[in-house]
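Colleague: Handing over input_29.cif, mmCIF, C-alpha atoms.
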```
data_run
#
loop_
_atom_site.label_atom_id
_atom_site.label_comp_id
_atom_site.auth_asym_id
_atom_site.auth_seq_id
_atom_site.Cartn_x
_atom_site.Cartn_y
_atom_site.Cartn_z
CA HIS H 7 -31.49 -29.01 -10.97
CA TYR H 8 -30.57 -25.46 -12.03
CA PHE H 9 -33.70 -24.10 -10.29
CA ILE H 10 -32.83 -25.90 -7.06
CA GLN H 11 -29.20 -24.77 -7.22
CA SER H 12 -30.24 -21.16 -7.87
CA ASN H 13 -32.64 -21.18 -4.92
CA LEU H 14 -30.00 -22.66 -2.63
CA SER H 15 -27.52 -20.02 -3.78
CA ALA H 16 -30.03 -17.25 -3.08
CA MET H 17 -30.70 -18.65 0.40
CA THR H 18 -26.98 -18.82 1.13
CA ASP H 19 -26.44 -15.26 -0.12
CA GLU H 20 -29.24 -14.03 2.14
CA GLY H 21 -27.58 -15.80 5.05
CA ILE H 22 -24.26 -14.14 4.22
CA ARG H 23 -25.92 -10.72 4.00
CA SER H 24 -27.56 -11.25 7.38
CA THR H 25 -24.13 -11.54 9.00
CA ASN H 26 -23.60 -7.84 8.21
CA ASN H 27 -26.58 -6.95 10.41
CA ASP H 28 -25.32 -9.20 13.19
CA ALA H 29 -21.85 -7.63 13.13
CA ALA H 30 -23.21 -4.07 12.98
CA HIS H 31 -25.48 -4.66 15.98
CA CYS H 32 -22.64 -6.19 17.99
CA LYS H 33 -20.44 -3.19 17.20
CA ARG H 34 -23.22 -0.78 18.15
CA TRP H 35 -23.62 -2.56 21.49
CA CYS H 36 -19.86 -2.29 22.11
CA VAL H 37 -20.05 1.45 21.53
CA GLU H 38 -23.10 1.79 23.83
CA ARG H 39 -21.28 -0.09 26.60
CA GLY H 40 -18.20 2.13 26.21
CA TYR H 41 -15.74 -0.40 24.80
CA TYR H 42 -14.64 2.08 22.15
CA SER H 43 -15.83 5.26 20.46
CA ASP H 44 -17.58 5.34 17.10
CA PRO H 45 -19.80 8.41 16.59
CA PHE H 46 -20.98 7.15 13.19
CA ILE H 47 -22.33 3.65 13.93
CA LYS H 48 -25.58 5.11 15.29
CA HIS H 49 -26.56 6.16 11.77
CA PHE H 50 -26.41 2.58 10.51
CA VAL H 51 -27.78 0.93 13.66
CA PRO H 52 -30.10 3.33 15.54
CA HIS H 53 -30.97 0.76 18.23
CA THR H 54 -29.75 -2.64 19.31
CA SER H 55 -30.11 -5.26 22.05
CA SER H 56 -27.64 -6.42 24.66
CA LYS H 57 -24.85 -8.88 23.86
CA SER H 58 -22.90 -11.21 26.13
CA PRO H 59 -19.56 -10.01 27.57
CA GLU H 60 -17.50 -12.53 25.58
CA ILE H 61 -19.12 -11.37 22.33
CA SER H 62 -18.47 -7.72 23.22
CA ARG H 63 -14.84 -8.43 24.06
CA GLY H 64 -14.39 -10.36 20.84
CA TYR H 65 -15.79 -7.49 18.80
CA TYR H 66 -13.69 -4.96 20.68
CA LEU H 67 -10.54 -6.90 19.82
CA ARG H 68 -11.67 -7.43 16.21
CA THR H 69 -12.55 -3.78 15.60
CA GLN H 70 -9.63 -2.20 17.40
CA SER H 71 -7.01 -4.45 15.82
CA VAL H 72 -8.35 -3.91 12.30
CA TRP H 73 -8.77 -0.17 12.79
CA GLN H 74 -5.35 0.24 14.38
CA GLY H 75 -3.71 -1.79 11.62
CA VAL H 76 -5.33 0.40 8.95
CA ARG H 77 -4.55 3.61 10.86
CA ASN H 78 -0.89 2.74 11.07
CA PHE H 79 -0.81 1.80 7.38
CA VAL H 80 -2.25 5.20 6.41
CA ARG H 81 0.09 7.05 8.80
CA SER H 82 3.17 5.20 7.56
CA HIS H 83 2.47 6.38 4.00
CA GLY H 84 1.56 9.93 4.92
CA ARG H 85 -2.03 9.34 3.69
CA LYS H 86 -0.67 8.86 0.13
CA CYS H 87 -2.22 5.41 -0.13
CA GLN H 88 -5.41 3.51 -0.93
CA VAL H 89 -7.70 1.27 1.13
CA ILE H 90 -10.10 -1.23 -0.45
CA ASN H 91 -12.62 -2.67 2.03
CA VAL H 92 -14.16 -5.79 0.49
CA GLY H 93 -17.46 -6.92 1.98
CA ALA H 94 -17.56 -3.60 3.84
CA GLY H 95 -21.18 -3.89 4.97
CA SER H 96 -22.14 -1.19 7.47
CA ASP H 97 -18.54 -0.46 8.37
CA THR H 98 -17.72 3.10 9.49
CA LEU H 99 -13.93 3.00 9.18
CA PHE H 100 -13.80 5.62 6.39
CA TRP H 101 -15.61 8.20 8.49
CA ASN H 102 -13.55 7.49 11.59
CA LEU H 103 -10.31 7.82 9.63
CA SER H 104 -11.53 11.10 8.14
CA ALA H 105 -12.45 12.45 11.59
CA GLU H 106 -8.91 11.67 12.75
CA GLY H 107 -7.30 13.41 9.75
CA LEU H 108 -6.28 10.08 8.24
CA GLN H 109 -8.31 10.04 5.04
CA PRO H 110 -6.33 8.19 2.35
CA VAL H 111 -6.21 9.24 -1.30
CA ARG H 112 -8.81 6.57 -2.14
CA PHE H 113 -11.11 4.56 0.10
CA VAL H 114 -13.20 1.96 -1.74
CA GLU H 115 -16.01 -0.13 -0.25
CA LEU H 116 -17.46 -3.19 -2.03
CA ASP H 117 -20.40 -5.43 -1.15
CA PHE H 118 -23.59 -7.10 -2.36
CA VAL H 119 -25.95 -4.76 -4.17
CA GLN H 120 -28.67 -5.06 -1.48
CA ILE H 121 -26.25 -3.96 1.25
CA VAL H 122 -24.81 -1.18 -0.90
CA MET H 123 -28.24 0.26 -1.70
CA LYS H 124 -29.17 0.33 1.97
CA LYS H 125 -25.88 2.00 2.87
CA ILE H 126 -26.36 4.63 0.17
CA ARG H 127 -29.78 5.51 1.57
CA THR H 128 -28.28 5.98 5.01
CA ILE H 129 -25.28 8.01 3.81
CA THR H 130 -27.36 10.39 1.70
CA ARG H 131 -29.85 11.04 4.51
CA LYS H 132 -27.27 11.88 7.15
CA ASN H 133 -25.29 15.07 6.72
CA GLU H 134 -22.65 13.88 9.20
CA LEU H 135 -21.86 11.09 6.73
CA PHE H 136 -22.58 12.71 3.37
CA SER H 137 -20.70 15.96 4.02
CA VAL H 138 -17.44 14.03 4.44
CA LEU H 139 -17.81 12.68 0.91
CA LYS H 140 -18.21 16.17 -0.56
CA SER H 141 -14.68 17.15 0.39
CA GLY H 142 -14.79 20.09 -2.04
CA ASP H 143 -17.68 21.68 -0.16
CA SER H 144 -16.45 23.94 2.66
CA ASP H 145 -19.96 24.77 3.91
CA PRO H 146 -22.38 21.84 3.68
CA THR H 147 -25.98 23.06 3.90
CA ARG H 148 -27.78 19.77 4.16
CA ASP H 149 -29.90 19.27 7.27
CA GLU H 150 -29.29 16.18 9.40
CA GLU H 151 -32.42 14.38 8.28
CA GLN H 152 -32.64 15.79 4.75
CA THR H 153 -33.34 13.01 2.24
CA ARG H 154 -31.71 12.90 -1.14
CA ASP H 155 -33.74 11.29 -3.91
CA VAL H 156 -31.45 8.59 -5.31
CA THR H 157 -34.13 6.18 -6.45
CA GLU H 158 -33.99 6.91 -10.17
CA GLN H 159 -31.17 9.09 -11.46
CA PRO H 160 -27.52 9.91 -10.63
CA SER H 161 -26.80 13.16 -8.84
CA ARG H 162 -27.06 16.11 -11.21
CA ASP H 163 -25.55 18.61 -8.77
CA THR H 164 -22.60 19.69 -10.88
CA SER H 165 -21.28 21.90 -8.08
CA SER H 166 -20.65 18.78 -6.02
CA PRO H 167 -17.81 16.35 -6.81
CA CYS H 168 -19.92 13.55 -5.35
CA HIS H 169 -22.06 11.45 -7.72
CA VAL H 170 -24.78 9.15 -6.41
CA THR H 171 -26.90 6.45 -8.03
CA LYS H 172 -29.05 3.71 -6.55
CA THR H 173 -26.12 1.31 -6.50
CA ALA H 174 -22.96 3.43 -6.32
CA ILE H 175 -21.32 6.49 -4.81
CA SER H 176 -18.31 8.15 -6.40
CA SER H 177 -16.51 11.06 -4.75
CA PRO H 178 -12.93 12.43 -4.74
CA HIS H 179 -11.79 10.13 -1.92
CA TYR H 180 -14.60 7.61 -1.38
CA HIS H 181 -16.23 5.02 -3.64
CA LEU H 182 -19.01 2.57 -2.78
CA LEU H 183 -19.84 -0.11 -5.34
CA SER H 184 -21.94 -3.26 -5.60
CA VAL H 185 -19.72 -6.18 -6.56
CA ASP H 186 -19.95 -9.95 -6.32
CA LEU H 187 -16.37 -10.79 -5.40
CA ARG H 188 -16.89 -14.42 -6.34
CA LEU H 189 -16.87 -13.39 -10.00
CA GLU H 190 -13.41 -12.74 -11.40
CA SER H 191 -14.86 -10.29 -13.93
CA SER H 192 -15.92 -8.03 -11.04
CA LEU H 193 -12.30 -7.13 -10.31
CA SER H 194 -11.21 -6.10 -13.79
CA ASP H 195 -13.04 -2.77 -13.88
CA LEU H 196 -12.20 -1.58 -10.35
CA LEU H 197 -9.09 0.36 -11.36
CA THR H 198 -10.91 2.66 -13.76
CA THR H 199 -14.26 2.77 -11.94
CA CYS H 200 -12.67 3.89 -8.67
CA SER H 201 -9.69 5.82 -10.13
CA LEU H 202 -7.29 3.53 -8.30
CA ASN H 203 -3.57 4.07 -8.84
CA PRO H 204 -1.57 0.81 -9.03
CA ALA H 205 1.60 2.68 -8.06
CA LEU H 206 0.24 3.81 -4.68
CA PRO H 207 0.61 1.66 -1.55
CA THR H 208 -2.70 -0.18 -1.21
CA LEU H 209 -4.29 -2.07 1.66
CA VAL H 210 -7.08 -4.54 0.95
CA LEU H 211 -9.18 -5.34 4.01
CA ALA H 212 -11.35 -8.47 4.22
CA GLU H 213 -13.21 -8.71 7.52
CA CYS H 214 -15.03 -12.06 7.69
CA VAL H 215 -15.36 -12.22 3.90
CA LEU H 216 -13.04 -14.89 2.46
CA CYS H 217 -14.60 -17.61 4.59
CA TYR H 218 -17.87 -17.13 2.69
CA MET H 219 -16.20 -17.39 -0.73
CA PRO H 220 -15.18 -20.51 -2.64
CA PRO H 221 -11.42 -21.04 -2.14
CA GLN H 222 -10.61 -20.40 -5.80
CA ALA H 223 -12.49 -17.09 -5.74
CA SER H 224 -10.70 -15.87 -2.62
CA GLN H 225 -7.36 -16.94 -4.06
CA THR H 226 -8.16 -15.00 -7.24
CA LEU H 227 -8.90 -11.89 -5.16
CA ILE H 228 -5.63 -12.19 -3.22
CA SER H 229 -3.63 -12.85 -6.40
CA TRP H 230 -5.30 -9.89 -8.13
CA THR H 231 -4.18 -7.68 -5.23
CA SER H 232 -0.56 -8.81 -5.35
CA SER H 233 -0.31 -8.59 -9.14
CA THR H 234 -2.14 -5.26 -9.49
CA PHE H 235 -0.54 -3.35 -6.61
CA PRO H 236 3.22 -4.03 -6.26
CA HIS H 237 3.23 -2.14 -2.93
CA SER H 238 0.37 -3.73 -1.06
CA THR H 239 -0.94 -5.32 2.11
CA PHE H 240 -3.85 -7.75 2.29
CA LEU H 241 -5.33 -7.86 5.82
CA ASN H 242 -7.74 -10.71 6.52
CA TYR H 243 -9.87 -11.40 9.62
CA GLU H 244 -11.79 -14.67 9.74
CA PRO H 245 -12.38 -17.94 11.64
CA CYS H 246 -9.49 -20.40 11.92
CA ASN H 247 -8.49 -23.64 13.67
CA MET H 248 -11.92 -25.08 12.93
CA GLY H 249 -10.97 -28.76 13.09
CA ASP H 250 -12.04 -29.33 16.70
CA ARG H 251 -15.44 -29.70 18.39
CA PHE H 252 -15.73 -25.95 19.05
CA GLY H 253 -15.13 -25.22 15.38
CA SER H 254 -17.68 -27.82 14.28
CA ILE H 255 -20.32 -26.20 16.49
CA MET H 256 -19.53 -22.80 14.94
CA VAL H 257 -19.94 -24.20 11.42
CA GLU H 258 -23.20 -25.97 12.27
CA ASN H 259 -24.56 -22.81 13.85
CA MET H 260 -23.87 -20.88 10.64
CA ARG H 261 -25.45 -23.62 8.52
CA SER H 262 -28.60 -23.48 10.61
CA ARG H 263 -28.91 -19.88 9.44
CA ASP H 264 -28.52 -20.81 5.74
CA CYS H 265 -24.94 -19.56 5.78
CA GLU H 266 -22.25 -21.86 4.42
CA LEU H 267 -18.51 -21.34 5.00
CA PRO H 268 -16.88 -22.79 1.86
CA GLY H 269 -13.64 -20.90 2.49
CA ILE H 270 -12.95 -22.49 5.86
CA LEU H 271 -11.43 -25.64 4.40
CA ALA H 272 -8.97 -23.60 2.34
CA CYS H 273 -7.05 -22.44 5.43
CA PRO H 274 -7.72 -24.68 8.44
CA THR H 275 -4.53 -23.57 10.27
CA LEU H 276 -2.50 -20.40 10.74
CA ASP H 277 0.28 -21.88 8.61
CA ASP H 278 -2.26 -22.39 5.81
CA GLN H 279 -3.27 -18.73 6.14
CA LYS H 280 0.34 -17.66 5.61
CA ALA H 281 0.87 -20.10 2.74
CA ARG H 282 -2.16 -18.70 0.93
CA PHE H 283 -0.56 -15.25 0.69
CA ILE H 284 2.85 -16.56 -0.35
CA SER H 285 1.36 -18.70 -3.09
CA ALA H 286 -0.56 -15.65 -4.35
CA GLY H 287 2.67 -13.70 -4.80
CA PHE H 288 3.13 -11.79 -1.55
CA ALA H 289 6.72 -11.58 -0.31
CA ARG H 290 5.95 -11.97 3.41
CA ALA H 291 3.03 -13.32 5.40
CA THR H 292 1.97 -13.47 9.06
CA ALA H 293 -0.97 -15.08 10.85
CA VAL H 294 -1.88 -14.87 14.55
CA ASP H 295 -4.96 -15.88 16.49
CA MET H 296 -6.90 -13.27 18.42
CA ASN H 297 -5.38 -14.28 21.75
CA GLU H 298 -2.04 -13.17 20.35
CA VAL H 299 -3.62 -10.03 18.88
CA MET H 300 -4.90 -9.16 22.35
CA ARG H 301 -1.29 -9.26 23.57
CA LEU H 302 -0.18 -7.03 20.68
CA LEU H 303 -2.78 -4.32 21.28
CA PRO H 304 -2.03 -1.45 23.73
CA ALA H 305 -2.20 -2.93 27.24
CA GLU H 306 -4.12 0.03 28.65
CA GLY H 307 -7.01 -0.48 26.24
CA VAL H 308 -7.17 -4.23 26.89
CA ALA H 309 -7.14 -3.65 30.67
CA ARG H 310 -9.96 -1.15 30.31
CA MET H 311 -11.93 -3.66 28.24
CA SER H 312 -11.59 -6.22 31.03
CA ARG H 313 -13.03 -3.82 33.61
CA LEU H 314 -16.17 -2.82 31.72
CA GLU H 315 -18.32 -5.86 32.47
CA PHE H 316 -18.08 -8.63 35.04
CA PHE H 317 -16.90 -11.79 33.32
CA ASP H 318 -15.28 -14.73 35.08
CA GLU H 319 -15.40 -17.37 32.33
CA VAL H 320 -12.01 -16.53 30.89
CA GLU H 321 -11.57 -19.97 29.34
CA ILE H 322 -14.64 -19.40 27.13
CA LEU H 323 -13.16 -16.18 25.76
CA THR H 324 -9.77 -17.83 25.26
CA GLN H 325 -11.38 -20.67 23.32
CA LEU H 326 -13.40 -18.24 21.21
CA LEU H 327 -10.33 -16.15 20.36
CA GLU H 328 -8.38 -19.28 19.38
CA HIS H 329 -10.88 -19.74 16.56
CA TYR H 330 -10.45 -16.32 14.95
CA CYS H 331 -7.33 -14.84 13.43
CA LEU H 332 -5.75 -11.91 11.66
CA ALA H 333 -3.56 -12.84 8.71
CA TRP H 334 -1.78 -10.60 6.25
CA GLY H 335 0.42 -10.63 3.22
CA VAL H 336 2.87 -7.80 2.50
CA GLN H 337 5.03 -6.80 -0.46
CA GLY H 338 6.97 -3.86 -1.87
CA ASP H 339 7.30 -0.75 0.30
CA CYS H 340 4.57 -1.84 2.71
CA GLY H 341 5.81 -2.78 6.17
CA GLU H 342 4.37 -5.23 8.68
CA VAL H 343 0.91 -4.64 10.11
CA VAL H 344 1.33 -2.91 13.50
CA PHE H 345 -1.35 -2.77 16.21
CA SER H 346 0.35 -0.41 18.69
CA GLU H 347 -0.66 3.25 18.86
#
```
Starting from the file, give its structure as structure tokens.
Modeller:
Amino acid sequence: HYFIQSNLSAMTDEGIRSTNNDAAHCKRWCVERGYYSDPFIKHFVPHTSSKSPEISRGYYLRTQSVWQGVRNFVRSHGRKCQVINVGAGSDTLFWNLSAEGLQPVRFVELDFVQIVMKKIRTITRKNELFSVLKSGDSDPTRDEEQTRDVTEQPSRDTSSPCHVTKTAISSPHYHLLSVDLRLESSLSDLLTTCSLNPALPTLVLAECVLCYMPPQASQTLISWTSSTFPHSTFLNYEPCNMGDRFGSIMVENMRSRDCELPGILACPTLDDQKARFISAGFARATAVDMNEVMRLLPAEGVARMSRLEFFDEVEILTQLLEHYCLAWGVQGDCGEVVFSE
């Protein structure tokens, strides 16, 4: 029985990891089609295939709302804050914030070891990515395609504040670590490993992560955030309202790819999303579906999105957006998540 359970767990983990590739390719296609700008995604996804207009619009709304929410958080605290991106995958938010002069004091990315190792190989081979980590270096000399050997030993370049191993990157402002968030013990060492300051305002971002975790594990992560950082925001993007036929089809589609969604039952409604944060110790909580998020984003950007590709099946997009949400808990000196520019 243990052997069977272990094999099933490995299959499910592989299915979860594959969703990172799917999301990265969808984001790359959005950038290629001109939905938004991301000069760094090409390093993680050199080529991709076309996606349907409703998928592209959904990813535009997902990416822009999350990015704008984090941007405004960093701005509101004058960059004297921390961002922890759990299940970060191939996300490029750190580099985009840095390019905009919005690099926080600490930016931490966490994910499965296989995804982290692949990301490290990409970062260390691309000067446009790696030079941002070496913030103490005023004149990076690495060529664009220069490869750093990280297969055996940590970086021994003592002139650089950036240290690299096969499974981790540590630099003055950026940390990338392999962590299984389903294990409570994984959280206990983060403060020291990443030089996190509990007194600083901290935003924890979970973008399609909690739905893949057992409810108790996700609740532990949220509670750890509220108890560790008295001034904090937890921003969560994931499926919601899954009790109808559309939701059942979504779940079955994921199962067909060996990807279970154990966290879905924990928060079937928007009210449940809010209650989860309150029960974990956050003072205030909000949850809105992506149709509402579209109304909260700058109207000019949404109008531009609508003009990029011909699409007359508006009801399909509306139904899709009803089944995804942004939810957040807030406490201390952290204000509400704002999506306007």
Colleague: Let me make sure I understand: among H:Gln88, H:Asn242, H:Ser285, H:Thr54, which one has the smallest atom-to-atom distance to H:Leu206 if we use all atoms listed in the file?
Modeller: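 Looking only at the distances to H:Leu206, the closest residue turns out to be H:Gln88.
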Colleague: How many Å separate atom CA of H:Lys86 from atom CA of H:Phe113?
Modeller: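 That distance, rounded to one decimal, is 11.3 Å.
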Colleague: Run the PyMOL selection byres ((chain H and resi 59) around 9) mentally over the shown coordinates, then write out the matched residues as a PyMOL selection string, using the chain letters and numbers from the document.
Modeller: chain H and resi 57-58+60-64+314-317
Colleague: Pick out the residues sitting within 6 Å of H:Cys331, and hand them over as a PyMOL selection string; count only C-alpha atoms, and ignore anything fewer than 4 positions along from it in its own chain.
Modeller: chain H and resi 243-244+294-296
Colleague: From the options H:Leu67, H:Val257, H:Leu189, H:Cys340, which residue's atoms come nearest to H:Ser224, counting only C-alpha atoms?
Modeller: H:Leu189
Colleague: Of the candidates H:Ala291, H:Ala223, H:Val215, H:Cys36, which shows the shortest atom-to-atom distance to H:Leu267, using only C-alpha atoms?
Modeller: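 Nearest candidate to H:Leu267 out of H:Ala291, H:Ala223, H:Val215, H:Cys36: H:Val215.
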Colleague: Please write the residues picked by the PyMOL selection byres ((chain H and resi 268) around 10) on this file as a ChimeraX atom specification.
Modeller: /H:216-221,265-267,269-272
Colleague: Ranking H:Leu276, H:Val114, H:Ala29, H:Leu326 by minimum distance to H:Met256 and counting all atoms listed in the file, which one comes first?
Modeller: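 Between H:Leu276, H:Val114, H:Ala29, H:Leu326, the residue approaching H:Met256 most closely is H:Leu326.
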Colleague: Using all atoms listed in the file, pick whichever of H:His179, H:Lys140, H:Arg127, H:Arg34 has the shortest atom-to-atom distance to H:Gln109.
Modeller: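 Of H:His179, H:Lys140, H:Arg127, H:Arg34, the one nearest H:Gln109 is H:His179, counting all atoms listed in the file.
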